[in-house]
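Dumped coords-v1.pdb below, it's PDB, C-alpha atoms and all ligand atoms:
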ATOM      1  CA  MET H   1    -181.530  33.864 104.939  1.00  0.00           C
ATOM      2  CA  PHE H   2    -182.450  32.894 108.506  1.00  0.00           C
ATOM      3  CA  PRO H   3    -179.712  33.677 111.044  1.00  0.00           C
ATOM      4  CA  SER H   4    -180.243  30.269 112.603  1.00  0.00           C
ATOM      5  CA  ALA H   5    -179.854  28.418 109.312  1.00  0.00           C
ATOM      6  CA  GLU H   6    -176.951  27.113 107.306  1.00  0.00           C
ATOM      7  CA  LEU H   7    -177.149  27.423 103.564  1.00  0.00           C
ATOM      8  CA  ILE H   8    -176.040  24.456 101.467  1.00  0.00           C
ATOM      9  CA  ILE H   9    -174.321  25.438  98.227  1.00  0.00           C
ATOM     10  CA  ALA H  10    -172.671  23.501  95.400  1.00  0.00           C
ATOM     11  CA  CYS H  11    -169.266  24.403  93.910  1.00  0.00           C
ATOM     12  CA  PRO H  12    -169.934  25.945  90.457  1.00  0.00           C
ATOM     13  CA  ARG H  13    -167.238  23.717  88.912  1.00  0.00           C
ATOM     14  CA  CYS H  14    -167.439  20.295  90.546  1.00  0.00           C
ATOM     15  CA  LYS H  15    -170.747  20.495  92.502  1.00  0.00           C
ATOM     16  CA  GLU H  16    -169.060  19.599  95.810  1.00  0.00           C
ATOM     17  CA  LEU H  17    -171.287  20.700  98.702  1.00  0.00           C
ATOM     18  CA  ALA H  18    -170.349  23.370 101.232  1.00  0.00           C
ATOM     19  CA  LYS H  19    -172.100  25.185 104.078  1.00  0.00           C
ATOM     20  CA  VAL H  20    -172.509  28.924 104.497  1.00  0.00           C
ATOM     21  CA  SER H  21    -173.398  30.248 107.949  1.00  0.00           C
ATOM     22  CA  ALA H  22    -175.501  33.360 108.130  1.00  0.00           C
ATOM     23  CA  GLY H  23    -173.959  34.520 111.420  1.00  0.00           C
ATOM     24  CA  ALA H  24    -175.737  36.045 114.356  1.00  0.00           C
ATOM     25  CA  PRO H  25    -177.783  39.253 114.002  1.00  0.00           C
ATOM     26  CA  GLY H  26    -175.585  42.335 113.965  1.00  0.00           C
ATOM     27  CA  SER H  27    -174.841  44.606 116.865  1.00  0.00           C
ATOM     28  CA  PRO H  28    -172.794  47.810 116.727  1.00  0.00           C
ATOM     29  CA  GLU H  29    -171.188  46.852 120.059  1.00  0.00           C
ATOM     30  CA  GLY H  30    -167.449  46.253 119.848  1.00  0.00           C
ATOM     31  CA  VAL H  31    -167.151  47.410 116.241  1.00  0.00           C
ATOM     32  CA  ILE H  32    -163.787  48.876 115.282  1.00  0.00           C
ATOM     33  CA  ILE H  33    -163.548  50.927 112.106  1.00  0.00           C
ATOM     34  CA  TRP H  34    -160.041  51.063 110.659  1.00  0.00           C
ATOM     35  CA  SER H  35    -158.501  53.750 108.482  1.00  0.00           C
ATOM     36  CA  ASP H  36    -158.595  51.382 105.471  1.00  0.00           C
ATOM     37  CA  GLY H  37    -162.380  51.152 105.859  1.00  0.00           C
ATOM     38  CA  PHE H  38    -162.380  47.597 107.200  1.00  0.00           C
ATOM     39  CA  GLN H  39    -164.728  47.022 110.136  1.00  0.00           C
ATOM     40  CA  ASP H  40    -163.984  44.502 112.847  1.00  0.00           C
ATOM     41  CA  ALA H  41    -167.526  43.510 113.779  1.00  0.00           C
ATOM     42  CA  PRO H  42    -167.313  40.570 116.181  1.00  0.00           C
ATOM     43  CA  PHE H  43    -171.089  40.298 116.534  1.00  0.00           C
ATOM     44  CA  ASN H  44    -171.854  40.598 112.857  1.00  0.00           C
ATOM     45  CA  GLU H  45    -169.578  38.267 110.961  1.00  0.00           C
ATOM     46  CA  ARG H  46    -170.558  37.922 107.347  1.00  0.00           C
ATOM     47  CA  PRO H  47    -169.883  34.877 105.197  1.00  0.00           C
ATOM     48  CA  PRO H  48    -166.852  35.226 102.922  1.00  0.00           C
ATOM     49  CA  ARG H  49    -167.657  36.705  99.490  1.00  0.00           C
ATOM     50  CA  VAL H  50    -164.989  34.575  97.820  1.00  0.00           C
ATOM     51  CA  THR H  51    -163.927  31.068  98.723  1.00  0.00           C
ATOM     52  CA  ARG H  52    -162.119  28.017  97.386  1.00  0.00           C
ATOM     53  CA  CYS H  53    -163.620  24.591  96.826  1.00  0.00           C
ATOM     54  CA  GLY H  54    -162.048  21.983  99.086  1.00  0.00           C
ATOM     55  CA  LYS H  55    -162.326  19.337  96.363  1.00  0.00           C
ATOM     56  CA  CYS H  56    -161.452  20.851  92.947  1.00  0.00           C
ATOM     57  CA  LEU H  57    -159.585  23.814  94.550  1.00  0.00           C
ATOM     58  CA  GLY H  58    -161.359  26.264  92.219  1.00  0.00           C
ATOM     59  CA  TYR H  59    -162.085  29.795  93.445  1.00  0.00           C
ATOM     60  CA  PHE H  60    -165.623  31.138  93.273  1.00  0.00           C
ATOM     61  CA  TRP H  61    -167.913  33.953  94.457  1.00  0.00           C
ATOM     62  CA  THR H  62    -170.076  32.465  97.196  1.00  0.00           C
ATOM     63  CA  ASP H  63    -173.254  34.112  95.920  1.00  0.00           C
ATOM     64  CA  GLU H  64    -172.720  32.664  92.433  1.00  0.00           C
ATOM     65  CA  ALA H  65    -172.841  29.090  93.704  1.00  0.00           C
ATOM     66  CA  GLN H  66    -176.098  27.180  93.305  1.00  0.00           C
ATOM     67  CA  THR H  67    -178.136  27.051  96.532  1.00  0.00           C
ATOM     68  CA  LEU H  68    -179.557  23.614  97.292  1.00  0.00           C
ATOM     69  CA  GLY H  69    -181.375  24.437 100.516  1.00  0.00           C
ATOM     70  CA  TYR H  70    -181.042  25.154 104.222  1.00  0.00           C
ATOM     71  CA  ILE H  71    -180.365  23.245 107.402  1.00  0.00           C
ATOM     72  CA  LEU H  72    -181.893  24.801 110.489  1.00  0.00           C
ATOM     73  CA  ARG H  73    -179.327  24.780 113.286  1.00  0.00           C
ATOM     74  CA  GLY H  74    -179.979  22.138 115.889  1.00  0.00           C
ATOM     75  CA  SER H  75    -182.277  20.173 113.584  1.00  0.00           C
ATOM     76  CA  THR H  76    -181.638  16.920 111.717  1.00  0.00           C
ATOM     77  CA  PRO H  77    -182.084  17.117 107.952  1.00  0.00           C
ATOM     78  CA  PRO H  78    -184.461  14.588 106.344  1.00  0.00           C
ATOM     79  CA  PRO H  79    -182.798  11.272 105.361  1.00  0.00           C
ATOM     80  CA  GLU H  80    -182.426  12.185 101.675  1.00  0.00           C
ATOM     81  CA  GLN H  81    -180.446  15.270 102.747  1.00  0.00           C
ATOM     82  CA  ALA H  82    -178.514  13.653 105.595  1.00  0.00           C
ATOM     83  CA  HIS H  83    -175.216  14.153 103.742  1.00  0.00           C
ATOM     84  CA  TRP H  84    -175.743  17.918 103.868  1.00  0.00           C
ATOM     85  CA  ALA H  85    -174.790  17.878 107.547  1.00  0.00           C
ATOM     86  CA  ASP H  86    -171.279  16.661 106.612  1.00  0.00           C
ATOM     87  CA  ALA H  87    -170.602  19.457 104.112  1.00  0.00           C
ATOM     88  CA  PRO H  88    -167.590  21.552 105.196  1.00  0.00           C
ATOM     89  CA  ALA H  89    -168.087  25.232 106.052  1.00  0.00           C
ATOM     90  CA  ILE H  90    -166.761  27.610 103.410  1.00  0.00           C
ATOM     91  CA  GLN H  91    -163.520  29.281 104.448  1.00  0.00           C
ATOM     92  CA  PRO H  92    -162.386  32.860 103.908  1.00  0.00           C
ATOM     93  CA  LEU H  93    -159.239  33.418 101.823  1.00  0.00           C
ATOM     94  CA  ASP H  94    -156.093  35.119 103.041  1.00  0.00           C
ATOM     95  CA  GLU H  95    -154.113  37.740 101.095  1.00  0.00           C
ATOM     96  CA  SER H  96    -152.266  35.238  98.897  1.00  0.00           C
ATOM     97  CA  GLY H  97    -155.425  33.172  98.281  1.00  0.00           C
ATOM     98  CA  LEU H  98    -157.243  36.295  97.099  1.00  0.00           C
ATOM     99  CA  MET H  99    -154.267  37.224  94.896  1.00  0.00           C
ATOM    100  CA  ASN H 100    -154.456  33.753  93.319  1.00  0.00           C
ATOM    101  CA  ALA H 101    -158.210  34.144  92.785  1.00  0.00           C
ATOM    102  CA  LEU H 102    -157.570  37.449  90.998  1.00  0.00           C
ATOM    103  CA  ALA H 103    -154.735  35.941  88.925  1.00  0.00           C
ATOM    104  CA  GLN H 104    -157.075  33.129  87.872  1.00  0.00           C
ATOM    105  CA  GLY H 105    -159.591  35.568  86.423  1.00  0.00           C
ATOM    106  CA  LEU H 106    -162.245  35.691  89.151  1.00  0.00           C
ATOM    107  CA  ALA H 107    -162.709  39.443  88.652  1.00  0.00           C
ATOM    108  CA  TYR H 108    -164.626  39.570  85.374  1.00  0.00           C
ATOM    109  CA  SER H 109    -165.819  43.179  85.760  1.00  0.00           C
ATOM    110  CA  PRO H 110    -164.121  46.384  86.987  1.00  0.00           C
ATOM    111  CA  GLU H 111    -166.420  46.401  90.064  1.00  0.00           C
ATOM    112  CA  LEU H 112    -165.410  42.863  91.034  1.00  0.00           C
ATOM    113  CA  GLU H 113    -161.763  43.648  90.374  1.00  0.00           C
ATOM    114  CA  LEU H 114    -161.992  46.604  92.765  1.00  0.00           C
ATOM    115  CA  GLU H 115    -163.760  44.478  95.375  1.00  0.00           C
ATOM    116  CA  LEU H 116    -161.105  41.778  95.129  1.00  0.00           C
ATOM    117  CA  ARG H 117    -158.230  44.255  95.211  1.00  0.00           C
ATOM    118  CA  VAL H 118    -159.641  46.006  98.297  1.00  0.00           C
ATOM    119  CA  ALA H 119    -160.115  42.583  99.950  1.00  0.00           C
ATOM    120  CA  ILE H 120    -156.463  41.702  99.159  1.00  0.00           C
ATOM    121  CA  TRP H 121    -155.390  44.993 100.732  1.00  0.00           C
ATOM    122  CA  TRP H 122    -157.539  44.406 103.850  1.00  0.00           C
ATOM    123  CA  ARG H 123    -156.249  40.881 104.408  1.00  0.00           C
ATOM    124  CA  GLY H 124    -152.670  42.121 103.980  1.00  0.00           C
ATOM    125  CA  ASN H 125    -153.398  44.851 106.538  1.00  0.00           C
ATOM    126  CA  ASP H 126    -154.778  42.379 109.086  1.00  0.00           C
ATOM    127  CA  ILE H 127    -151.317  41.841 110.616  1.00  0.00           C
ATOM    128  CA  PHE H 128    -151.217  45.563 111.431  1.00  0.00           C
ATOM    129  CA  ARG H 129    -154.519  45.566 113.331  1.00  0.00           C
ATOM    130  CA  THR H 130    -152.768  45.619 116.706  1.00  0.00           C
ATOM    131  CA  GLU H 131    -151.701  48.530 118.876  1.00  0.00           C
ATOM    132  CA  ASP H 132    -147.973  47.912 118.456  1.00  0.00           C
ATOM    133  CA  ALA H 133    -147.623  46.738 114.835  1.00  0.00           C
ATOM    134  CA  PRO H 134    -143.981  47.555 114.009  1.00  0.00           C
ATOM    135  CA  VAL H 135    -144.416  48.675 110.384  1.00  0.00           C
ATOM    136  CA  GLY H 136    -148.105  49.416 109.979  1.00  0.00           C
ATOM    137  CA  HIS H 137    -148.306  49.327 106.190  1.00  0.00           C
ATOM    138  CA  ALA H 138    -147.623  46.929 103.324  1.00  0.00           C
ATOM    139  CA  THR H 139    -144.051  46.554 102.087  1.00  0.00           C
ATOM    140  CA  SER H 140    -144.216  43.586  99.701  1.00  0.00           C
ATOM    141  CA  LYS H 141    -143.941  44.223  95.974  1.00  0.00           C
ATOM    142  CA  ASP H 142    -147.204  42.408  95.196  1.00  0.00           C
ATOM    143  CA  ALA H 143    -149.167  44.260  97.893  1.00  0.00           C
ATOM    144  CA  ILE H 144    -147.808  47.614  96.706  1.00  0.00           C
ATOM    145  CA  SER H 145    -148.610  46.961  93.040  1.00  0.00           C
ATOM    146  CA  ASN H 146    -152.129  45.888  94.069  1.00  0.00           C
ATOM    147  CA  MET H 147    -152.587  49.221  95.886  1.00  0.00           C
ATOM    148  CA  GLU H 148    -151.143  51.169  92.944  1.00  0.00           C
ATOM    149  CA  ARG H 149    -153.579  49.459  90.596  1.00  0.00           C
ATOM    150  CA  PHE H 150    -156.725  50.235  92.614  1.00  0.00           C
ATOM    151  CA  ILE H 151    -155.522  53.785  93.284  1.00  0.00           C
ATOM    152  CA  GLU H 152    -155.442  54.219  89.501  1.00  0.00           C
ATOM    153  CA  MET H 153    -158.837  52.541  89.014  1.00  0.00           C
ATOM    154  CA  MET H 154    -160.504  54.696  91.699  1.00  0.00           C
ATOM    155  CA  ALA H 155    -159.241  58.052  90.384  1.00  0.00           C
ATOM    156  CA  GLU H 156    -162.680  59.090  89.077  1.00  0.00           C
ATOM    157  CA  GLY H 157    -164.578  57.038  91.647  1.00  0.00           C
ATOM    158  CA  ALA H 158    -167.460  57.775  94.002  1.00  0.00           C
ATOM    159  CA  GLU H 159    -166.702  59.427  97.337  1.00  0.00           C
ATOM    160  CA  ASP H 160    -166.439  56.162  99.291  1.00  0.00           C
ATOM    161  CA  LEU H 161    -163.859  54.906  96.779  1.00  0.00           C
ATOM    162  CA  LEU H 162    -161.936  58.180  97.078  1.00  0.00           C
ATOM    163  CA  LEU H 163    -161.616  57.535 100.823  1.00  0.00           C
ATOM    164  CA  PHE H 164    -160.123  54.069 100.157  1.00  0.00           C
ATOM    165  CA  ARG H 165    -157.868  55.645  97.554  1.00  0.00           C
ATOM    166  CA  ALA H 166    -156.697  58.390  99.914  1.00  0.00           C
ATOM    167  CA  GLU H 167    -155.911  55.833 102.615  1.00  0.00           C
ATOM    168  CA  ALA H 168    -153.888  53.653 100.236  1.00  0.00           C
ATOM    169  CA  LEU H 169    -151.981  56.760  99.065  1.00  0.00           C
ATOM    170  CA  ARG H 170    -151.296  57.651 102.712  1.00  0.00           C
ATOM    171  CA  GLN H 171    -149.978  54.154 103.429  1.00  0.00           C
ATOM    172  CA  LEU H 172    -147.666  54.500 100.409  1.00  0.00           C
ATOM    173  CA  GLY H 173    -146.412  57.847 101.764  1.00  0.00           C
ATOM    174  CA  ARG H 174    -147.862  59.825  98.826  1.00  0.00           C
ATOM    175  CA  PHE H 175    -149.203  62.475 101.206  1.00  0.00           C
ATOM    176  CA  GLN H 176    -149.821  65.311  98.738  1.00  0.00           C
ATOM    177  CA  GLU H 177    -151.985  63.014  96.652  1.00  0.00           C
ATOM    178  CA  VAL H 178    -154.021  62.177  99.782  1.00  0.00           C
ATOM    179  CA  GLU H 179    -155.069  65.825 100.005  1.00  0.00           C
ATOM    180  CA  ALA H 180    -155.887  65.959  96.288  1.00  0.00           C
ATOM    181  CA  SER H 181    -157.912  62.729  96.431  1.00  0.00           C
ATOM    182  CA  LEU H 182    -160.017  64.020  99.328  1.00  0.00           C
ATOM    183  CA  GLN H 183    -160.719  67.418  97.796  1.00  0.00           C
ATOM    184  CA  THR H 184    -163.899  66.227  96.100  1.00  0.00           C
ATOM    185  CA  VAL H 185    -165.240  64.268  99.085  1.00  0.00           C
ATOM    186  CA  TRP H 186    -168.093  66.489 100.280  1.00  0.00           C
ATOM    187  CA  CYS H 187    -170.606  64.097 101.864  1.00  0.00           C
ATOM    188  CA  SER H 188    -170.983  65.026 105.536  1.00  0.00           C
ATOM    189  CA  ASP H 189    -171.190  61.324 106.495  1.00  0.00           C
ATOM    190  CA  TYR H 190    -167.585  60.970 105.389  1.00  0.00           C
ATOM    191  CA  ALA H 191    -166.308  64.162 107.053  1.00  0.00           C
ATOM    192  CA  PRO H 192    -164.956  62.492 110.231  1.00  0.00           C
ATOM    193  CA  ALA H 193    -163.033  59.885 108.190  1.00  0.00           C
ATOM    194  CA  LYS H 194    -161.806  62.505 105.725  1.00  0.00           C
ATOM    195  CA  ASN H 195    -160.572  64.791 108.520  1.00  0.00           C
ATOM    196  CA  ARG H 196    -158.796  61.940 110.312  1.00  0.00           C
ATOM    197  CA  LEU H 197    -157.020  60.828 107.108  1.00  0.00           C
ATOM    198  CA  LEU H 198    -155.945  64.403 106.400  1.00  0.00           C
ATOM    199  CA  GLU H 199    -154.648  64.816 109.946  1.00  0.00           C
ATOM    200  CA  LEU H 200    -152.631  61.570 109.680  1.00  0.00           C
ATOM    201  CA  ALA H 201    -151.271  62.476 106.225  1.00  0.00           C
ATOM    202  CA  ARG H 202    -150.264  65.955 107.372  1.00  0.00           C
ATOM    203  CA  SER H 203    -148.318  64.464 110.269  1.00  0.00           C
ATOM    204  CA  GLY H 204    -146.451  62.124 107.891  1.00  0.00           C
ATOM    205  CA  ASP H 205    -148.076  58.996 109.367  1.00  0.00           C
ATOM    206  CA  ARG H 206    -148.244  55.929 107.074  1.00  0.00           C
ATOM    207  CA  LYS H 207    -149.519  53.401 109.629  1.00  0.00           C
ATOM    208  CA  LEU H 208    -152.882  51.695 109.538  1.00  0.00           C
ATOM    209  CA  ARG H 209    -154.859  53.312 112.370  1.00  0.00           C
ATOM    210  CA  LYS H 210    -158.222  53.009 114.068  1.00  0.00           C
ATOM    211  CA  LEU H 211    -160.581  55.641 112.723  1.00  0.00           C
ATOM    212  CA  PHE H 212    -163.203  55.301 115.411  1.00  0.00           C
ATOM    213  CA  ASP H 213    -163.665  52.912 118.292  1.00  0.00           C
ATOM    214  CA  SER H 214    -167.372  52.585 117.717  1.00  0.00           C
ATOM    215  CA  PRO H 215    -169.793  53.430 114.930  1.00  0.00           C
ATOM    216  CA  ALA H 216    -170.874  57.017 114.561  1.00  0.00           C
ATOM    217  CA  PHE H 217    -174.501  56.165 115.247  1.00  0.00           C
TER     218      PHE H 217
HETATM  219 ZN    ZN T   1    -165.218  22.268  93.255  1.00  0.00          ZN
END
Hey, can you dump this file as structure tokens for me?
Amino acid sequence: MFPSAELIIACPRCKELAKVSAGAPGSPEGVIIWSDGFQDAPFNERPPRVTRCGKCLGYFWTDEAQTLGYILRGSTPPPEQAHWADAPAIQPLDESGLMNALAQGLAYSPELELELRVAIWWRGNDIFRTEDAPVGHATSKDAISNMERFIEMMAEGAEDLLLFRAEALRQLGRFQEVEASLQTVWCSDYAPAKNRLLELARSGDRKLRKLFDSPAF
């Protein structure tokens, strides 16, 4: 997809049109990596993976919608596609929107369920992405049961999933399990994150924290 283009998609249920922006080319500048693995990347915003149709209100995976074509930014589409310009931009979902999408069966495989559950966790954590967040971790029943569910699902997971798992355990205050979850994370790329999570868990810290202020490259 061209960075200077907008993709026109159709809702899988009702065929209502929507626009997807590709975003500007990425830059590592200003990237913040958080202890839950989420990256604030102001110069590399990606289109939402899941959205909700503005007309039929159905939830869908953006990449499963039919693509009708592109509009190059700053150009006028041909007359037969003039209505494309009026299509609304797809919107990201917040924590409760993602929970509704999950409840309505959007996760039809374990991989998609994990992706959706991690996204729910990230959006719930967004309110703690400030220096002086008073609590720093989820306290609602729904957010906690979501974390408990993906912790269970990730028990035999790959090393990147074990890092997510360890962080969720830390935020729940299950510090001994953090150590156990990280025991089989050996990849040297993950060593700085692993060591930081262990350090936080050993000091009894449950708050969402910055892992690094800039990427490690
Ligand atoms: Zn629709």
Just checking: using all atoms listed in the file, which residue out of H:Phe43, H:Trp34, H:Phe60, H:Trp121 ends up closest to ligand ZN 1 (chain T)?
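Using all atoms listed in the file, the shortest distance to ligand ZN 1 (chain T) belongs to H:Phe60.
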Residue members of the PyMOL selection byres (((not hetatm)) within 8 of (chain T and resi 1)) in the file shown, as a PDB file with C-alpha atoms, keeping the file's coordinate frame:
ATOM      1  CA  ALA H  10    -172.671  23.501  95.400  1.00  0.00           C
ATOM      2  CA  CYS H  11    -169.266  24.403  93.910  1.00  0.00           C
ATOM      3  CA  PRO H  12    -169.934  25.945  90.457  1.00  0.00           C
ATOM      4  CA  ARG H  13    -167.238  23.717  88.912  1.00  0.00           C
ATOM      5  CA  CYS H  14    -167.439  20.295  90.546  1.00  0.00           C
ATOM      6  CA  LYS H  15    -170.747  20.495  92.502  1.00  0.00           C
ATOM      7  CA  GLU H  16    -169.060  19.599  95.810  1.00  0.00           C
ATOM      8  CA  ARG H  52    -162.119  28.017  97.386  1.00  0.00           C
ATOM      9  CA  CYS H  53    -163.620  24.591  96.826  1.00  0.00           C
ATOM     10  CA  GLY H  54    -162.048  21.983  99.086  1.00  0.00           C
ATOM     11  CA  LYS H  55    -162.326  19.337  96.363  1.00  0.00           C
ATOM     12  CA  CYS H  56    -161.452  20.851  92.947  1.00  0.00           C
ATOM     13  CA  LEU H  57    -159.585  23.814  94.550  1.00  0.00           C
ATOM     14  CA  GLY H  58    -161.359  26.264  92.219  1.00  0.00           C
TER      15      GLY H  58
END
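As for CA of Trp61 in chain H and CA of Leu116 in chain H, they are spaced 10.4 Å apart.
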Best match for closeness to Ser4 in chain H among H:Ala41, H:Val50, H:Leu197, H:Ile71, counting only C-alpha atoms:
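Of all the options, H:Ile71 lies closest to Ser4 in chain H.
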Return as a tab-separated table the residues of range 2-86 of chain H lying at most 12 Å from range 127-130 of chain H, together with the closest atom-to-atom pair for each and the distance in Å to one decimal, counting all atoms listed in the file, with rows in chain order and ascending residue number.
residue	atom	partner	partner_atom	distance
H:Ile32	CA	H:Arg129	CA	10.0
H:Ile33	CA	H:Arg129	CA	10.6
H:Trp34	CA	H:Arg129	CA	8.2
H:Ser35	CA	H:Arg129	CA	10.3
H:Asp36	CA	H:Arg129	CA	10.6
H:Phe38	CA	H:Arg129	CA	10.2
H:Gln39	CA	H:Arg129	CA	10.8
H:Asp40	CA	H:Arg129	CA	9.5
Under the PyMOL selection byres (((chain H and resi 124) around 8) and not hetatm), which residues of this model are included? Write them out as a PyMOL selection string.
chain H and resi 94-95+120-123+125-127+138+143
Hits of the PyMOL selection byres (((chain H and resi 146-151) around 9) and not hetatm) in this structure, as a VMD selection string
chain H and resid 99 113 to 114 117 to 118 120 to 121 141 to 145 152 to 155 162 164 to 166 168 to 169 172
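One distance worth recording is that between CA of Pro110 in chain H and CA of Pro47 in chain H, which is 22.3 Å.
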List the neighbours of range 75-92 of chain H out to 10 Å using all atoms listed in the file; skip same-chain residues closer than 6 positions along the sequence, and give me the result as a PDB file with C-alpha atoms, keeping the file's coordinate frame.
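Writing the result to out37.pdb gives the following:
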ATOM      1  CA  ALA H   5    -179.854  28.418 109.312  1.00  0.00           C
ATOM      2  CA  GLU H   6    -176.951  27.113 107.306  1.00  0.00           C
ATOM      3  CA  LEU H   7    -177.149  27.423 103.564  1.00  0.00           C
ATOM      4  CA  ILE H   8    -176.040  24.456 101.467  1.00  0.00           C
ATOM      5  CA  ILE H   9    -174.321  25.438  98.227  1.00  0.00           C
ATOM      6  CA  ALA H  10    -172.671  23.501  95.400  1.00  0.00           C
ATOM      7  CA  GLU H  16    -169.060  19.599  95.810  1.00  0.00           C
ATOM      8  CA  LEU H  17    -171.287  20.700  98.702  1.00  0.00           C
ATOM      9  CA  ALA H  18    -170.349  23.370 101.232  1.00  0.00           C
ATOM     10  CA  LYS H  19    -172.100  25.185 104.078  1.00  0.00           C
ATOM     11  CA  VAL H  20    -172.509  28.924 104.497  1.00  0.00           C
ATOM     12  CA  SER H  21    -173.398  30.248 107.949  1.00  0.00           C
ATOM     13  CA  PRO H  47    -169.883  34.877 105.197  1.00  0.00           C
ATOM     14  CA  PRO H  48    -166.852  35.226 102.922  1.00  0.00           C
ATOM     15  CA  ARG H  49    -167.657  36.705  99.490  1.00  0.00           C
ATOM     16  CA  VAL H  50    -164.989  34.575  97.820  1.00  0.00           C
ATOM     17  CA  THR H  51    -163.927  31.068  98.723  1.00  0.00           C
ATOM     18  CA  ARG H  52    -162.119  28.017  97.386  1.00  0.00           C
ATOM     19  CA  CYS H  53    -163.620  24.591  96.826  1.00  0.00           C
ATOM     20  CA  GLY H  54    -162.048  21.983  99.086  1.00  0.00           C
ATOM     21  CA  THR H  62    -170.076  32.465  97.196  1.00  0.00           C
ATOM     22  CA  LEU H  68    -179.557  23.614  97.292  1.00  0.00           C
ATOM     23  CA  GLY H  69    -181.375  24.437 100.516  1.00  0.00           C
ATOM     24  CA  LEU H  98    -157.243  36.295  97.099  1.00  0.00           C
TER      25      LEU H  98
END
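In this structure, CA of Ser96 in chain H sits 27.6 Å away from CA of Ala158 in chain H.
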For Tyr190 in chain H, which of H:Ser203, H:Tyr108, H:Arg209, H:Gly37 is the closest residue, counting only C-alpha atoms?
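Comparing H:Ser203, H:Tyr108, H:Arg209, H:Gly37 against Tyr190 in chain H, the winner is H:Gly37.
Proximity ranking of H:Arg202, H:Arg196, H:Lys207, H:Arg73 relative to Asp132 in chain H places H:Lys207 first, based on only C-alpha atoms.
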Please determine, counting only C-alpha atoms, which residue among H:Ala133, H:Glu159, H:Ala193, H:Leu200 has the shortest atom-to-atom distance to Phe212 in chain H.
H:Ala193
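Shortest atom-to-atom contact with Leu211 in chain H among H:Val31, H:Gly173, H:Asp160, H:Ser181: H:Val31, counting all atoms listed in the file.
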